[in-house]
file input-v8.pdb (PDB, C-alpha atoms)
ATOM      1  CA  MET T  13      89.380  78.729 111.300
ATOM      2  CA  LYS T  14      85.700  78.924 112.251
ATOM      3  CA  LYS T  15      86.662  80.069 115.732
ATOM      4  CA  PHE T  16      88.769  82.873 114.231
ATOM      5  CA  VAL T  17      85.860  84.042 112.054
ATOM      6  CA  LEU T  18      83.465  83.982 114.999
ATOM      7  CA  PHE T  19      85.998  85.888 117.096
ATOM      8  CA  CYS T  20      86.337  88.574 114.371
ATOM      9  CA  ILE T  21      82.570  88.956 114.067
ATOM     10  CA  PHE T  22      82.256  89.189 117.848
ATOM     11  CA  LEU T  23      85.098  91.716 118.036
ATOM     12  CA  PHE T  24      83.586  93.895 115.289
ATOM     13  CA  GLY T  25      80.222  93.747 117.071
ATOM     14  CA  LEU T  26      81.804  94.907 120.323
ATOM     15  CA  THR T  27      83.630  97.676 118.501
ATOM     16  CA  SER T  28      80.395  99.045 117.080
ATOM     17  CA  ILE T  29      78.629  98.796 120.442
ATOM     18  CA  TYR T  30      81.496 100.630 122.129
ATOM     19  CA  SER T  31      81.412 103.284 119.404
ATOM     20  CA  GLN T  32      77.661 103.775 119.891
ATOM     21  CA  GLU T  33      78.055 104.228 123.635
ATOM     22  CA  GLN T  34      80.950 106.612 123.212
ATOM     23  CA  THR T  35      79.108 108.865 120.757
ATOM     24  CA  THR T  36      76.110 109.258 123.034
ATOM     25  CA  VAL T  37      78.311 110.445 125.889
ATOM     26  CA  VAL T  38      80.820 112.656 124.079
ATOM     27  CA  PRO T  39      79.666 114.360 120.855
ATOM     28  CA  GLU T  40      82.314 114.830 118.214
ATOM     29  CA  MET T  41      83.198 118.513 117.865
ATOM     30  CA  ARG T  42      86.504 118.502 115.975
ATOM     31  CA  ASP T  43      87.098 119.181 112.299
ATOM     32  CA  ARG T  44      86.216 116.250 110.123
ATOM     33  CA  SER T  45      88.109 115.002 107.119
ATOM     34  CA  ARG T  46      87.036 112.404 104.600
ATOM     35  CA  TRP T  47      90.605 111.126 104.491
ATOM     36  CA  ASP T  48      90.204 110.097 108.117
ATOM     37  CA  LEU T  49      87.565 107.627 106.952
ATOM     38  CA  VAL T  50      89.457 106.519 103.862
ATOM     39  CA  TRP T  51      92.723 105.602 105.594
ATOM     40  CA  ARG T  52      90.785 103.643 108.212
ATOM     41  CA  SER T  53      88.939 101.737 105.491
ATOM     42  CA  ALA T  54      92.193 101.112 103.659
ATOM     43  CA  VAL T  55      93.706  99.495 106.764
ATOM     44  CA  LEU T  56      90.615  97.480 107.729
ATOM     45  CA  PRO T  57      87.630  97.528 105.369
ATOM     46  CA  GLY T  58      84.608  98.827 107.256
ATOM     47  CA  TRP T  59      86.525 100.647 109.980
ATOM     48  CA  GLY T  60      86.028 104.011 108.299
ATOM     49  CA  LEU T  61      82.286 103.455 108.068
ATOM     50  CA  LEU T  62      82.229 102.527 111.753
ATOM     51  CA  HIS T  63      83.977 105.810 112.471
ATOM     52  CA  ALA T  64      81.345 107.644 110.386
ATOM     53  CA  LYS T  65      78.560 106.017 112.443
ATOM     54  CA  GLU T  66      77.367 103.864 109.533
ATOM     55  CA  TYR T  67      77.129 100.695 111.625
ATOM     56  CA  ARG T  68      74.990  98.527 109.360
ATOM     57  CA  LYS T  69      77.074  99.300 106.261
ATOM     58  CA  ALA T  70      80.294  98.773 108.208
ATOM     59  CA  ARG T  71      79.186  95.348 109.434
ATOM     60  CA  PHE T  72      78.081  94.397 105.935
ATOM     61  CA  THR T  73      81.454  95.474 104.521
ATOM     62  CA  MET T  74      83.368  93.571 107.197
ATOM     63  CA  VAL T  75      81.318  90.404 106.730
ATOM     64  CA  ILE T  76      81.642  90.442 102.922
ATOM     65  CA  THR T  77      85.378  91.109 103.163
ATOM     66  CA  SER T  78      85.786  88.293 105.686
ATOM     67  CA  ILE T  79      83.873  85.885 103.453
ATOM     68  CA  LEU T  80      85.968  86.797 100.410
ATOM     69  CA  VAL T  81      89.244  86.504 102.356
ATOM     70  CA  LEU T  82      88.231  83.115 103.775
ATOM     71  CA  SER T  83      87.218  81.977 100.301
ATOM     72  CA  GLU T  84      90.615  83.094  98.976
ATOM     73  CA  LEU T  85      92.431  81.209 101.750
ATOM     74  CA  LYS T  86      90.364  78.081 101.093
ATOM     75  CA  GLY T  87      91.090  78.376  97.369
ATOM     76  CA  HIS T  88      94.810  78.738  98.053
ATOM     77  CA  LYS T  89      94.772  75.606 100.199
ATOM     78  CA  GLU T  90      92.882  73.727  97.477
ATOM     79  CA  GLU T  91      95.391  74.934  94.870
ATOM     80  CA  VAL T  92      98.300  73.603  96.938
ATOM     81  CA  GLU T  93      96.562  70.219  97.224
ATOM     82  CA  ARG T  94      95.834  70.060  93.474
ATOM     83  CA  LYS T  95      99.407  71.034  92.659
ATOM     84  CA  GLU T  96     100.704  68.220  94.867
ATOM     85  CA  GLU T  97      98.327  65.741  93.178
ATOM     86  CA  PHE T  98      99.516  66.906  89.737
ATOM     87  CA  GLU T  99     103.180  66.526  90.720
ATOM     88  CA  ASN T 100     102.474  63.045  92.096
ATOM     89  CA  SER T 101     100.726  62.001  88.863
ATOM     90  CA  ARG T 102     103.650  63.352  86.812
ATOM     91  CA  ASN T 103     106.164  61.522  89.011
ATOM     92  CA  LEU T 104     104.113  58.320  88.695
ATOM     93  CA  PHE T 105     104.140  58.610  84.896
ATOM     94  CA  ILE T 106     107.899  59.266  84.823
ATOM     95  CA  ALA T 107     108.636  56.452  87.274
ATOM     96  CA  TYR T 108     106.550  53.937  85.331
ATOM     97  CA  SER T 109     108.013  54.874  81.962
ATOM     98  CA  ASN T 110     111.592  54.759  83.333
ATOM     99  CA  PHE T 111     111.163  51.592  85.421
ATOM    100  CA  TYR T 112     109.891  49.306  82.661
ATOM    101  CA  PRO T 113     112.003  48.970  79.502
ATOM    102  CA  GLN T 114     108.933  47.797  77.506
ATOM    103  CA  PRO T 115     105.985  49.649  79.181
ATOM    104  CA  ASP T 116     102.415  48.653  78.433
ATOM    105  CA  PRO T 117     100.893  51.156  75.956
ATOM    106  CA  GLY T 118      97.501  50.961  77.693
ATOM    107  CA  MET T 119      99.061  51.807  81.049
ATOM    108  CA  ILE T 120     101.042  54.689  79.507
ATOM    109  CA  ILE T 121      97.836  56.108  78.000
ATOM    110  CA  PHE T 122      96.029  55.668  81.324
ATOM    111  CA  LEU T 123      98.802  57.423  83.272
ATOM    112  CA  ALA T 124      99.047  60.209  80.672
ATOM    113  CA  ASN T 125      95.271  60.782  80.846
ATOM    114  CA  TYR T 126      95.452  60.767  84.644
ATOM    115  CA  GLN T 127      98.241  63.343  84.546
ATOM    116  CA  HIS T 128      96.274  65.559  82.134
ATOM    117  CA  SER T 129      93.115  65.321  84.254
ATOM    118  CA  LYS T 130      95.097  66.451  87.324
ATOM    119  CA  GLN T 131      96.584  69.290  85.285
ATOM    120  CA  ASP T 132      93.084  70.355  84.169
ATOM    121  CA  ASP T 133      91.914  70.253  87.804
ATOM    122  CA  LEU T 134      94.862  72.444  88.816
ATOM    123  CA  GLU T 135      94.165  74.964  86.046
ATOM    124  CA  GLY T 136      90.471  75.096  87.020
ATOM    125  CA  VAL T 137      91.340  75.814  90.644
ATOM    126  CA  ARG T 138      93.826  78.498  89.573
ATOM    127  CA  SER T 139      91.237  80.223  87.382
ATOM    128  CA  ARG T 140      88.683  80.178  90.238
ATOM    129  CA  ASN T 141      91.324  81.612  92.575
ATOM    130  CA  ASP T 142      92.073  84.366  90.068
ATOM    131  CA  LEU T 143      88.356  85.195  89.940
ATOM    132  CA  ARG T 144      88.138  85.247  93.749
ATOM    133  CA  LEU T 145      91.156  87.517  93.961
ATOM    134  CA  ALA T 146      89.690  89.839  91.330
ATOM    135  CA  LEU T 147      86.408  89.996  93.262
ATOM    136  CA  LEU T 148      88.264  90.767  96.478
ATOM    137  CA  GLY T 149      90.284  93.516  94.788
ATOM    138  CA  ALA T 150      87.208  95.032  93.135
ATOM    139  CA  LYS T 151      85.314  94.953  96.430
ATOM    140  CA  TYR T 152      88.250  96.638  98.177
ATOM    141  CA  ILE T 153      88.423  99.432  95.585
ATOM    142  CA  LEU T 154      84.642  99.915  95.594
ATOM    143  CA  GLN T 155      84.470 100.103  99.385
ATOM    144  CA  LEU T 156      87.252 102.702  99.391
ATOM    145  CA  ALA T 157      85.410 104.731  96.745
ATOM    146  CA  TYR T 158      82.151 104.474  98.694
ATOM    147  CA  THR T 159      83.906 105.478 101.915
ATOM    148  CA  TYR T 160      85.422 108.493 100.148
ATOM    149  CA  TRP T 161      82.007 109.465  98.771
ATOM    150  CA  ARG T 162      80.418 108.961 102.189
ATOM    151  CA  GLY T 163      83.216 111.023 103.715
ATOM    152  CA  VAL T 164      82.286 113.988 101.508
ATOM    153  CA  GLN T 165      78.839 114.050 103.118
ATOM    154  CA  TRP T 166      80.297 113.282 106.549
ATOM    155  CA  GLU T 167      82.585 116.309 106.429
ATOM    156  CA  GLY T 168      79.655 118.664 106.213
ATOM    157  CA  GLU T 169      80.653 122.334 106.198
ATOM    158  CA  ASN T 170      84.377 121.590 106.211
ATOM    159  CA  SER T 171      84.189 119.968 102.826
ATOM    160  CA  ALA T 172      87.362 119.936 100.827
ATOM    161  CA  GLY T 173      87.853 120.597  97.165
ATOM    162  CA  PHE T 174      87.599 123.589  94.879
ATOM    163  CA  ASP T 175      86.003 126.846  95.967
ATOM    164  CA  LEU T 176      85.544 128.796  92.762
ATOM    165  CA  ASN T 177      84.298 132.384  92.970
ATOM    166  CA  ILE T 178      83.694 134.091  89.643
ATOM    167  CA  ARG T 179      82.658 137.729  89.374
ATOM    168  CA  THR T 180      82.885 140.253  86.606
ATOM    169  CA  TYR T 181      84.576 143.603  86.952
ATOM    170  CA  SER T 182      81.363 145.335  85.994
ATOM    171  CA  GLN T 183      79.887 144.460  89.392
ATOM    172  CA  SER T 184      80.184 147.191  91.949
ATOM    173  CA  ASP T 185      83.023 146.618  94.363
ATOM    174  CA  VAL T 186      84.816 149.084  96.592
ATOM    175  CA  ARG T 187      88.187 147.503  95.804
ATOM    176  CA  ASP T 188      87.804 148.013  92.084
ATOM    177  CA  GLN T 189      88.454 151.617  91.077
ATOM    178  CA  VAL T 190      88.419 150.922  87.365
ATOM    179  CA  ARG T 191      85.354 149.216  85.985
ATOM    180  CA  GLU T 192      85.904 147.391  82.767
ATOM    181  CA  PRO T 193      82.863 145.956  81.053
ATOM    182  CA  PHE T 194      84.702 142.777  80.067
ATOM    183  CA  GLY T 195      86.739 140.772  82.510
ATOM    184  CA  MET T 196      86.447 138.494  85.463
ATOM    185  CA  ASP T 197      88.221 137.724  88.675
ATOM    186  CA  LEU T 198      88.786 134.061  89.497
ATOM    187  CA  LYS T 199      89.446 133.005  93.052
ATOM    188  CA  TYR T 200      89.993 129.435  94.033
ATOM    189  CA  ARG T 201      91.367 127.511  96.962
ATOM    190  CA  PHE T 202      92.323 123.912  97.504
ATOM    191  CA  LEU T 203      91.468 122.279 100.812
ATOM    192  CA  PHE T 204      92.402 118.634 101.174
TER     193      PHE T 204
END
call {"tool": "encode", "arguments": {"input": "input-v8.pdb", "output": "structure tokens"}}
result
Amino acid sequence: MKKFVLFCIFLFGLTSIYSQEQTTVVPEMRDRSRWDLVWRSAVLPGWGLLHAKEYRKARFTMVITSILVLSELKGHKEEVERKEEFENSRNLFIAYSNFYPQPDPGMIIFLANYQHSKQDDLEGVRSRNDLRLALLGAKYILQLAYTYWRGVQWEGENSAGFDLNIRTYSQSDVRDQVREPFGMDLKYRFLF
């Protein structure tokens, strides 16, 4: 698993170096769209920021996402182990109580306490895994929102959204033959 993480970090480093070299040779002259950054970040967190030439933020996003994903995988593995231990303790309690017609009350209490402690361990691991998953989901949503916000600045002049032009009829305009003192002309366009 450590080799996979090191490979990902190395690969992301090479990607950013290649992107830096490519931008110095060929400047980007096409129309930009913030959605170009957002879909890239949705597929692989940090990819959109790499595309927007935000190398430090992209690396930070990729590293944090990798750490949270690895933590989630480790937590899942730990949950499987704790679940197996709980099932073994339950089976031990059932086997002991069914095997002996007159079981020892002290042993029954010991096995019941052992089973409950394993159940508590399993519930603790599940709650930590739920917290890790919530952190990963919140980080994913926040990085998409930040990438969208960064994409608004990245678009520059081609920015999308509302273009609202308000003028009153009382202003002089060649198109308007009749000038009413009260009234306005609303123009808007949607570019997404």
call {"tool": "residues_around", "arguments": {"input": "input-v8.pdb", "residues": "region 85-89 of chain T", "least_positions_apart": "4", "cutoff": "10 Å", "atoms": "all atoms listed in the file", "output": "number ranges by chain"}}
result
T: 79-81, 93-95, 137-138, 140-142, 144-145
call {"tool": "resolve_selection", "arguments": {"input": "input-v8.pdb", "expression": "the PyMOL selection byres ((chain T and resi 126-128) around 12)", "output": "ChimeraX atom specification"}}
result
/T:94-106,119-125,129-135
call {"tool": "closest_residue", "arguments": {"input": "input-v8.pdb", "among": "T:Leu82, T:Ala70, T:Leu148, T:Val164", "to": "Ser53 (chain T)", "atoms": "only C-alpha atoms"}}
result
T:Ala70
call {"tool": "closest_residue", "arguments": {"input": "input-v8.pdb", "among": "T:Tyr152, T:Gly136, T:Trp51, T:Glu91", "to": "Met74 (chain T)", "atoms": "only C-alpha atoms"}}
result
T:Tyr152
call {"tool": "resolve_selection", "arguments": {"input": "input-v8.pdb", "expression": "the PyMOL selection byres ((chain T and resi 57) around 8)", "output": "PDB file with C-alpha atoms, in the frame of the given file"}}
result
ATOM      1  CA  ARG T  52      90.785 103.643 108.212  1.00  0.00           C
ATOM      2  CA  SER T  53      88.939 101.737 105.491  1.00  0.00           C
ATOM      3  CA  ALA T  54      92.193 101.112 103.659  1.00  0.00           C
ATOM      4  CA  VAL T  55      93.706  99.495 106.764  1.00  0.00           C
ATOM      5  CA  LEU T  56      90.615  97.480 107.729  1.00  0.00           C
ATOM      6  CA  GLY T  58      84.608  98.827 107.256  1.00  0.00           C
ATOM      7  CA  TRP T  59      86.525 100.647 109.980  1.00  0.00           C
ATOM      8  CA  GLY T  60      86.028 104.011 108.299  1.00  0.00           C
ATOM      9  CA  ALA T  70      80.294  98.773 108.208  1.00  0.00           C
ATOM     10  CA  THR T  73      81.454  95.474 104.521  1.00  0.00           C
ATOM     11  CA  MET T  74      83.368  93.571 107.197  1.00  0.00           C
ATOM     12  CA  THR T  77      85.378  91.109 103.163  1.00  0.00           C
ATOM     13  CA  TYR T 152      88.250  96.638  98.177  1.00  0.00           C
ATOM     14  CA  GLN T 155      84.470 100.103  99.385  1.00  0.00           C
ATOM     15  CA  LEU T 156      87.252 102.702  99.391  1.00  0.00           C
TER      16      LEU T 156
END
call {"tool": "atom_distance", "arguments": {"input": "input-v8.pdb", "atom1": "CA of Val75 (chain T)", "atom2": "CA of Arg162 (chain T)"}}
result
19.1 Å
call {"tool": "atom_distance", "arguments": {"input": "input-v8.pdb", "atom1": "CA of Ala64 (chain T)", "atom2": "CA of Ser78 (chain T)"}}
result
20.4 Å
call {"tool": "closest_residue", "arguments": {"input": "input-v8.pdb", "among": "T:Gln114, T:Ser45, T:Val50, T:Gln165", "to": "Ile153 (chain T)", "atoms": "all atoms listed in the file"}}
result
T:Val50
call {"tool": "atom_distance", "arguments": {"input": "input-v8.pdb", "atom1": "CA of Leu49 (chain T)", "atom2": "CA of Leu61 (chain T)"}}
result
6.8 Å
call {"tool": "closest_residue", "arguments": {"input": "input-v8.pdb", "among": "T:Glu66, T:Trp166, T:Gly118, T:Tyr160", "to": "Trp47 (chain T)", "atoms": "all atoms listed in the file"}}
result
T:Tyr160
call {"tool": "axis_aligned_box", "arguments": {"input": "input-v8.pdb", "around": "region 97-101 of chain T", "padding_each_side": "6 Å", "output": "lines of an AutoDock Vina configuration file"}}
result
center_x = 100.8
center_y = 64.5
center_z = 91.0
size_x = 16.9
size_y = 16.9
size_z = 16.3
call {"tool": "build_atoms", "arguments": {"input": "input-v8.pdb", "residues": "region 125-136 of chain T", "atoms": "all heavy atoms", "output": "PDB file, keeping the file's coordinate frame"}}
result
ATOM      1  N   ASN T 125      96.598  60.189  80.656  1.00  0.00           N
ATOM      2  CA  ASN T 125      95.271  60.782  80.846  1.00  0.00           C
ATOM      3  C   ASN T 125      95.058  61.212  82.297  1.00  0.00           C
ATOM      4  O   ASN T 125      94.454  62.264  82.563  1.00  0.00           O
ATOM      5  CB  ASN T 125      94.173  59.811  80.422  1.00  0.00           C
ATOM      6  CG  ASN T 125      94.081  59.666  78.919  1.00  0.00           C
ATOM      7  OD1 ASN T 125      94.518  60.554  78.183  1.00  0.00           O
ATOM      8  ND2 ASN T 125      93.541  58.553  78.459  1.00  0.00           N
ATOM      9  N   TYR T 126      95.554  60.424  83.218  1.00  0.00           N
ATOM     10  CA  TYR T 126      95.452  60.767  84.644  1.00  0.00           C
ATOM     11  C   TYR T 126      96.230  62.055  84.938  1.00  0.00           C
ATOM     12  O   TYR T 126      95.745  62.940  85.638  1.00  0.00           O
ATOM     13  CB  TYR T 126      95.978  59.595  85.491  1.00  0.00           C
ATOM     14  CG  TYR T 126      95.916  59.831  86.973  1.00  0.00           C
ATOM     15  CD1 TYR T 126      94.693  59.876  87.633  1.00  0.00           C
ATOM     16  CD2 TYR T 126      97.070  60.007  87.717  1.00  0.00           C
ATOM     17  CE1 TYR T 126      94.636  60.102  89.001  1.00  0.00           C
ATOM     18  CE2 TYR T 126      97.028  60.231  89.084  1.00  0.00           C
ATOM     19  CZ  TYR T 126      95.793  60.274  89.716  1.00  0.00           C
ATOM     20  OH  TYR T 126      95.752  60.492  91.070  1.00  0.00           O
ATOM     21  N   GLN T 127      97.421  62.143  84.356  1.00  0.00           N
ATOM     22  CA  GLN T 127      98.241  63.343  84.546  1.00  0.00           C
ATOM     23  C   GLN T 127      97.546  64.574  83.943  1.00  0.00           C
ATOM     24  O   GLN T 127      97.511  65.638  84.553  1.00  0.00           O
ATOM     25  CB  GLN T 127      99.614  63.149  83.911  1.00  0.00           C
ATOM     26  CG  GLN T 127     100.533  64.340  84.041  1.00  0.00           C
ATOM     27  CD  GLN T 127     101.873  64.121  83.366  1.00  0.00           C
ATOM     28  OE1 GLN T 127     102.159  63.045  82.872  1.00  0.00           O
ATOM     29  NE2 GLN T 127     102.679  65.160  83.333  1.00  0.00           N
ATOM     30  N   HIS T 128      96.964  64.428  82.770  1.00  0.00           N
ATOM     31  CA  HIS T 128      96.274  65.559  82.134  1.00  0.00           C
ATOM     32  C   HIS T 128      95.009  65.956  82.908  1.00  0.00           C
ATOM     33  O   HIS T 128      94.687  67.144  82.984  1.00  0.00           O
ATOM     34  CB  HIS T 128      95.938  65.235  80.678  1.00  0.00           C
ATOM     35  CG  HIS T 128      97.135  65.240  79.780  1.00  0.00           C
ATOM     36  ND1 HIS T 128      97.879  66.374  79.539  1.00  0.00           N
ATOM     37  CD2 HIS T 128      97.713  64.243  79.055  1.00  0.00           C
ATOM     38  CE1 HIS T 128      98.878  66.078  78.726  1.00  0.00           C
ATOM     39  NE2 HIS T 128      98.797  64.788  78.406  1.00  0.00           N
ATOM     40  N   SER T 129      94.308  64.974  83.466  1.00  0.00           N
ATOM     41  CA  SER T 129      93.115  65.321  84.254  1.00  0.00           C
ATOM     42  C   SER T 129      93.509  66.097  85.516  1.00  0.00           C
ATOM     43  O   SER T 129      92.823  67.053  85.913  1.00  0.00           O
ATOM     44  CB  SER T 129      92.323  64.067  84.621  1.00  0.00           C
ATOM     45  OG  SER T 129      93.018  63.282  85.568  1.00  0.00           O
ATOM     46  N   LYS T 130      94.619  65.713  86.144  1.00  0.00           N
ATOM     47  CA  LYS T 130      95.097  66.451  87.324  1.00  0.00           C
ATOM     48  C   LYS T 130      95.572  67.850  86.945  1.00  0.00           C
ATOM     49  O   LYS T 130      95.384  68.801  87.698  1.00  0.00           O
ATOM     50  CB  LYS T 130      96.224  65.683  88.032  1.00  0.00           C
ATOM     51  CG  LYS T 130      95.774  64.389  88.670  1.00  0.00           C
ATOM     52  CD  LYS T 130      94.704  64.673  89.704  1.00  0.00           C
ATOM     53  CE  LYS T 130      94.200  63.384  90.332  1.00  0.00           C
ATOM     54  NZ  LYS T 130      93.114  63.619  91.268  1.00  0.00           N
ATOM     55  N   GLN T 131      96.166  67.981  85.756  1.00  0.00           N
ATOM     56  CA  GLN T 131      96.584  69.290  85.285  1.00  0.00           C
ATOM     57  C   GLN T 131      95.366  70.174  85.004  1.00  0.00           C
ATOM     58  O   GLN T 131      95.361  71.365  85.339  1.00  0.00           O
ATOM     59  CB  GLN T 131      97.441  69.162  84.032  1.00  0.00           C
ATOM     60  CG  GLN T 131      98.006  70.480  83.551  1.00  0.00           C
ATOM     61  CD  GLN T 131      98.913  70.307  82.339  1.00  0.00           C
ATOM     62  OE1 GLN T 131      98.980  69.230  81.746  1.00  0.00           O
ATOM     63  NE2 GLN T 131      99.602  71.372  81.982  1.00  0.00           N
ATOM     64  N   ASP T 132      94.318  69.601  84.406  1.00  0.00           N
ATOM     65  CA  ASP T 132      93.084  70.355  84.169  1.00  0.00           C
ATOM     66  C   ASP T 132      92.436  70.794  85.482  1.00  0.00           C
ATOM     67  O   ASP T 132      91.923  71.908  85.585  1.00  0.00           O
ATOM     68  CB  ASP T 132      92.098  69.525  83.355  1.00  0.00           C
ATOM     69  CG  ASP T 132      92.553  69.317  81.923  1.00  0.00           C
ATOM     70  OD1 ASP T 132      93.426  70.088  81.459  1.00  0.00           O
ATOM     71  OD2 ASP T 132      92.034  68.384  81.262  1.00  0.00           O
ATOM     72  N   ASP T 133      92.452  69.890  86.486  1.00  0.00           N
ATOM     73  CA  ASP T 133      91.914  70.253  87.804  1.00  0.00           C
ATOM     74  C   ASP T 133      92.693  71.419  88.404  1.00  0.00           C
ATOM     75  O   ASP T 133      92.109  72.355  88.966  1.00  0.00           O
ATOM     76  CB  ASP T 133      91.963  69.064  88.765  1.00  0.00           C
ATOM     77  CG  ASP T 133      90.988  67.972  88.396  1.00  0.00           C
ATOM     78  OD1 ASP T 133      90.076  68.235  87.585  1.00  0.00           O
ATOM     79  OD2 ASP T 133      91.140  66.846  88.919  1.00  0.00           O
ATOM     80  N   LEU T 134      94.024  71.376  88.281  1.00  0.00           N
ATOM     81  CA  LEU T 134      94.862  72.444  88.816  1.00  0.00           C
ATOM     82  C   LEU T 134      94.582  73.763  88.107  1.00  0.00           C
ATOM     83  O   LEU T 134      94.458  74.822  88.745  1.00  0.00           O
ATOM     84  CB  LEU T 134      96.337  72.067  88.692  1.00  0.00           C
ATOM     85  CG  LEU T 134      97.358  73.113  89.146  1.00  0.00           C
ATOM     86  CD1 LEU T 134      97.204  73.402  90.634  1.00  0.00           C
ATOM     87  CD2 LEU T 134      98.770  72.649  88.838  1.00  0.00           C
ATOM     88  N   GLU T 135      94.451  73.737  86.795  1.00  0.00           N
ATOM     89  CA  GLU T 135      94.165  74.964  86.046  1.00  0.00           C
ATOM     90  C   GLU T 135      92.781  75.520  86.384  1.00  0.00           C
ATOM     91  O   GLU T 135      92.599  76.740  86.468  1.00  0.00           O
ATOM     92  CB  GLU T 135      94.286  74.704  84.555  1.00  0.00           C
ATOM     93  CG  GLU T 135      95.725  74.491  84.107  1.00  0.00           C
ATOM     94  CD  GLU T 135      95.845  74.075  82.658  1.00  0.00           C
ATOM     95  OE1 GLU T 135      94.798  73.977  81.968  1.00  0.00           O
ATOM     96  OE2 GLU T 135      96.974  73.847  82.213  1.00  0.00           O
ATOM     97  N   GLY T 136      91.807  74.643  86.616  1.00  0.00           N
ATOM     98  CA  GLY T 136      90.471  75.096  87.020  1.00  0.00           C
ATOM     99  C   GLY T 136      90.494  75.781  88.373  1.00  0.00           C
ATOM    100  O   GLY T 136      89.853  76.826  88.569  1.00  0.00           O
TER     101      GLY T 136
END
